[in-house]
Amino acid sequence: MDRGSVATVINCLVTFLTQLVLHPSAANAGFIRFKPRVTTSGEYDLWVRWFPSRWTNSTQTPLIFHTPTGPQRLVLDQSQEGIKWLRLGAYRFDAGETVDLTFSGEGANGAVVAKAVALVRRR
């Protein structure tokens, strides 16, 4: 699940995976992880994308990642907004850092899904 293709565009790092789904009965035991590598220090907008699954998507999916100021934990309602890109906020990342973005099944109440993440550097 850690594998994906990575495309670096000017000021933007996007990691795509084939749509991955943790079945609701196994969600608490699993995770989906993205590991984009930051090449330029700065503030980045964090974007995520997923699609509906054939099961009911979780309304409380934890997304866990680390920034230079410490760990961050967001809870996503994956029953909404998935077909389009969803901006989750702006965060600072340092050059050379591999950002470990984990969609966790722990505490999820349905299918956990992930398609892509993007870090877009702010100007």
# chains A, B, ... in the order shown; residues from 1 in each chain; ligands from 1
>>> closest_atom_pairs(of="segment 70-110 of chain A", to="segment 37-47 of chain A", cutoff="6 Å", atoms="only C-alpha atoms", output="tab-separated table")
residue	atom	partner	partner_atom	distance
A:Leu86	CA	A:Trp47	CA	5.4
A:Arg87	CA	A:Trp47	CA	4.4
A:Leu88	CA	A:Leu46	CA	5.5
A:Gly89	CA	A:Asp45	CA	5.7
A:Ala90	CA	A:Asp45	CA	4.3
A:Tyr91	CA	A:Tyr44	CA	5.4
A:Arg92	CA	A:Glu43	CA	4.2
A:Phe93	CA	A:Ser41	CA	5.8
A:Asp94	CA	A:Ser41	CA	4.2
A:Ala95	CA	A:Ser41	CA	4.4
A:Gly96	CA	A:Val38	CA	5.5
A:Glu97	CA	A:Val38	CA	5.4
A:Thr98	CA	A:Arg37	CA	4.2
>>> closest_residue(among="A:Ile64, A:Leu74, A:Val48, A:Leu22", to="Leu119 of chain A", atoms="only C-alpha atoms")
A:Val48
>>> residues_around(residues="Gln72 of chain A", least_positions_apart="5", cutoff="10 Å", atoms="only C-alpha atoms", output="JSON, numbers by chain")
{"A": [63, 64, 65, 66, 67, 91, 101]}
>>> atom_distance(atom1="atom CA of Val120 of chain A", atom2="atom CA of Asn57 of chain A")
26.2 Å
>>> residues_around(residues="segment 75-79 of chain A", least_positions_apart="6", cutoff="8 Å", atoms="only C-alpha atoms", output="PyMOL selection string")
chain A and resi 50+52+56-63+112-113
>>> select_by_dssp(residues="segment 29-58 of chain A", states="strand (DSSP E or B)", output="list of chain:residue names")
A:Phe31, A:Ile32, A:Arg33, A:Phe34, A:Arg37, A:Gly42, A:Glu43, A:Tyr44, A:Asp45, A:Leu46, A:Trp47, A:Val48, A:Arg49, A:Asn57
>>> write_last_selection(atoms="N, CA and C atoms", output="PDB file, in the first residue's frame")
ATOM      1  N   PHE A  31      -4.382   0.580   7.216  1.00  0.00           N
ATOM      2  CA  PHE A  31      -4.106   1.979   6.907  1.00  0.00           C
ATOM      3  C   PHE A  31      -3.726   2.081   5.442  1.00  0.00           C
ATOM      4  N   ILE A  32      -3.819   3.283   4.911  1.00  0.00           N
ATOM      5  CA  ILE A  32      -3.346   3.613   3.564  1.00  0.00           C
ATOM      6  C   ILE A  32      -2.369   4.763   3.742  1.00  0.00           C
ATOM      7  N   ARG A  33      -1.165   4.617   3.210  1.00  0.00           N
ATOM      8  CA  ARG A  33      -0.112   5.595   3.474  1.00  0.00           C
ATOM      9  C   ARG A  33       0.449   6.174   2.173  1.00  0.00           C
ATOM     10  N   PHE A  34       0.642   7.485   2.177  1.00  0.00           N
ATOM     11  CA  PHE A  34       1.318   8.209   1.106  1.00  0.00           C
ATOM     12  C   PHE A  34       2.604   8.783   1.700  1.00  0.00           C
ATOM     13  N   ARG A  37       7.951  13.256  -0.934  1.00  0.00           N
ATOM     14  CA  ARG A  37       9.190  13.881  -0.441  1.00  0.00           C
ATOM     15  C   ARG A  37       9.206  15.347  -0.859  1.00  0.00           C
ATOM     16  N   GLY A  42       8.948  25.247   2.753  1.00  0.00           N
ATOM     17  CA  GLY A  42       7.929  26.273   2.612  1.00  0.00           C
ATOM     18  C   GLY A  42       6.596  25.827   3.163  1.00  0.00           C
ATOM     19  N   GLU A  43       5.616  26.688   2.962  1.00  0.00           N
ATOM     20  CA  GLU A  43       4.257  26.387   3.384  1.00  0.00           C
ATOM     21  C   GLU A  43       3.519  25.770   2.201  1.00  0.00           C
ATOM     22  N   TYR A  44       2.824  24.680   2.472  1.00  0.00           N
ATOM     23  CA  TYR A  44       2.128  23.924   1.429  1.00  0.00           C
ATOM     24  C   TYR A  44       0.664  23.743   1.788  1.00  0.00           C
ATOM     25  N   ASP A  45      -0.197  23.857   0.778  1.00  0.00           N
ATOM     26  CA  ASP A  45      -1.594  23.462   0.941  1.00  0.00           C
ATOM     27  C   ASP A  45      -1.654  21.951   0.797  1.00  0.00           C
ATOM     28  N   LEU A  46      -2.359  21.288   1.706  1.00  0.00           N
ATOM     29  CA  LEU A  46      -2.542  19.843   1.662  1.00  0.00           C
ATOM     30  C   LEU A  46      -3.915  19.546   1.073  1.00  0.00           C
ATOM     31  N   TRP A  47      -3.914  18.781  -0.012  1.00  0.00           N
ATOM     32  CA  TRP A  47      -5.139  18.391  -0.703  1.00  0.00           C
ATOM     33  C   TRP A  47      -5.249  16.871  -0.704  1.00  0.00           C
ATOM     34  N   VAL A  48      -6.466  16.348  -0.621  1.00  0.00           N
ATOM     35  CA  VAL A  48      -6.706  14.903  -0.696  1.00  0.00           C
ATOM     36  C   VAL A  48      -7.873  14.636  -1.644  1.00  0.00           C
ATOM     37  N   ARG A  49      -7.908  13.382  -2.113  1.00  0.00           N
ATOM     38  CA  ARG A  49      -8.992  12.990  -3.024  1.00  0.00           C
ATOM     39  C   ARG A  49      -9.297  11.514  -2.821  1.00  0.00           C
ATOM     40  N   ASN A  57     -18.713   4.646   2.933  1.00  0.00           N
ATOM     41  CA  ASN A  57     -17.461   5.261   3.378  1.00  0.00           C
ATOM     42  C   ASN A  57     -17.583   5.759   4.807  1.00  0.00           C
TER      43      ASN A  57
END
>>> closest_residue(among="A:Leu20, A:Ile83, A:Val99, A:Ala118", to="Phe51 of chain A", atoms="only C-alpha atoms")
A:Ile83
>>> closest_residue(among="A:Asn109, A:Arg121, A:Trp85, A:Thr102", to="Trp55 of chain A", atoms="only C-alpha atoms")
A:Asn109
>>> atom_distance(atom1="atom CA of Ser104 of chain A", atom2="atom CA of Gly30 of chain A")
6.5 Å
>>> atom_distance(atom1="atom CA of Ala108 of chain A", atom2="atom CA of Arg54 of chain A")
16.1 Å
>>> decode(residues="segment 51-83 of chain A", atoms="C-alpha atoms", output="PDB file, in the first residue's frame")
ATOM      1  CA  PHE A  51     -13.968   8.240  -4.605  1.00  0.00           C
ATOM      2  CA  PRO A  52     -17.058   6.498  -3.276  1.00  0.00           C
ATOM      3  CA  SER A  53     -16.526   2.800  -2.571  1.00  0.00           C
ATOM      4  CA  ARG A  54     -19.003  -0.018  -3.023  1.00  0.00           C
ATOM      5  CA  TRP A  55     -19.446   0.022   0.764  1.00  0.00           C
ATOM      6  CA  THR A  56     -20.453   2.952   2.940  1.00  0.00           C
ATOM      7  CA  ASN A  57     -17.461   5.261   3.378  1.00  0.00           C
ATOM      8  CA  SER A  58     -16.408   6.180   6.900  1.00  0.00           C
ATOM      9  CA  THR A  59     -17.634   9.451   8.381  1.00  0.00           C
ATOM     10  CA  GLN A  60     -14.713   9.513  10.844  1.00  0.00           C
ATOM     11  CA  THR A  61     -11.484   8.576   9.067  1.00  0.00           C
ATOM     12  CA  PRO A  62      -8.315   9.724  10.868  1.00  0.00           C
ATOM     13  CA  LEU A  63      -5.613  11.324   8.677  1.00  0.00           C
ATOM     14  CA  ILE A  64      -2.317  11.510  10.560  1.00  0.00           C
ATOM     15  CA  PHE A  65       0.845  13.345   9.451  1.00  0.00           C
ATOM     16  CA  HIS A  66       3.814  15.194  10.935  1.00  0.00           C
ATOM     17  CA  THR A  67       5.007  18.769  10.454  1.00  0.00           C
ATOM     18  CA  PRO A  68       8.063  20.513  11.951  1.00  0.00           C
ATOM     19  CA  THR A  69       5.746  21.807  14.724  1.00  0.00           C
ATOM     20  CA  GLY A  70       4.574  18.303  15.652  1.00  0.00           C
ATOM     21  CA  PRO A  71       2.042  15.624  14.786  1.00  0.00           C
ATOM     22  CA  GLN A  72      -1.250  16.570  13.163  1.00  0.00           C
ATOM     23  CA  ARG A  73      -4.460  14.537  13.274  1.00  0.00           C
ATOM     24  CA  LEU A  74      -7.529  15.390  11.219  1.00  0.00           C
ATOM     25  CA  VAL A  75     -10.789  13.451  11.083  1.00  0.00           C
ATOM     26  CA  LEU A  76     -12.333  13.242   7.608  1.00  0.00           C
ATOM     27  CA  ASP A  77     -15.935  12.555   6.644  1.00  0.00           C
ATOM     28  CA  GLN A  78     -15.307  10.356   3.610  1.00  0.00           C
ATOM     29  CA  SER A  79     -19.020  10.026   2.875  1.00  0.00           C
ATOM     30  CA  GLN A  80     -18.813  13.596   1.476  1.00  0.00           C
ATOM     31  CA  GLU A  81     -16.702  15.597  -0.996  1.00  0.00           C
ATOM     32  CA  GLY A  82     -14.608  12.715  -2.301  1.00  0.00           C
ATOM     33  CA  ILE A  83     -14.920  13.048  -6.049  1.00  0.00           C
TER      34      ILE A  83
END
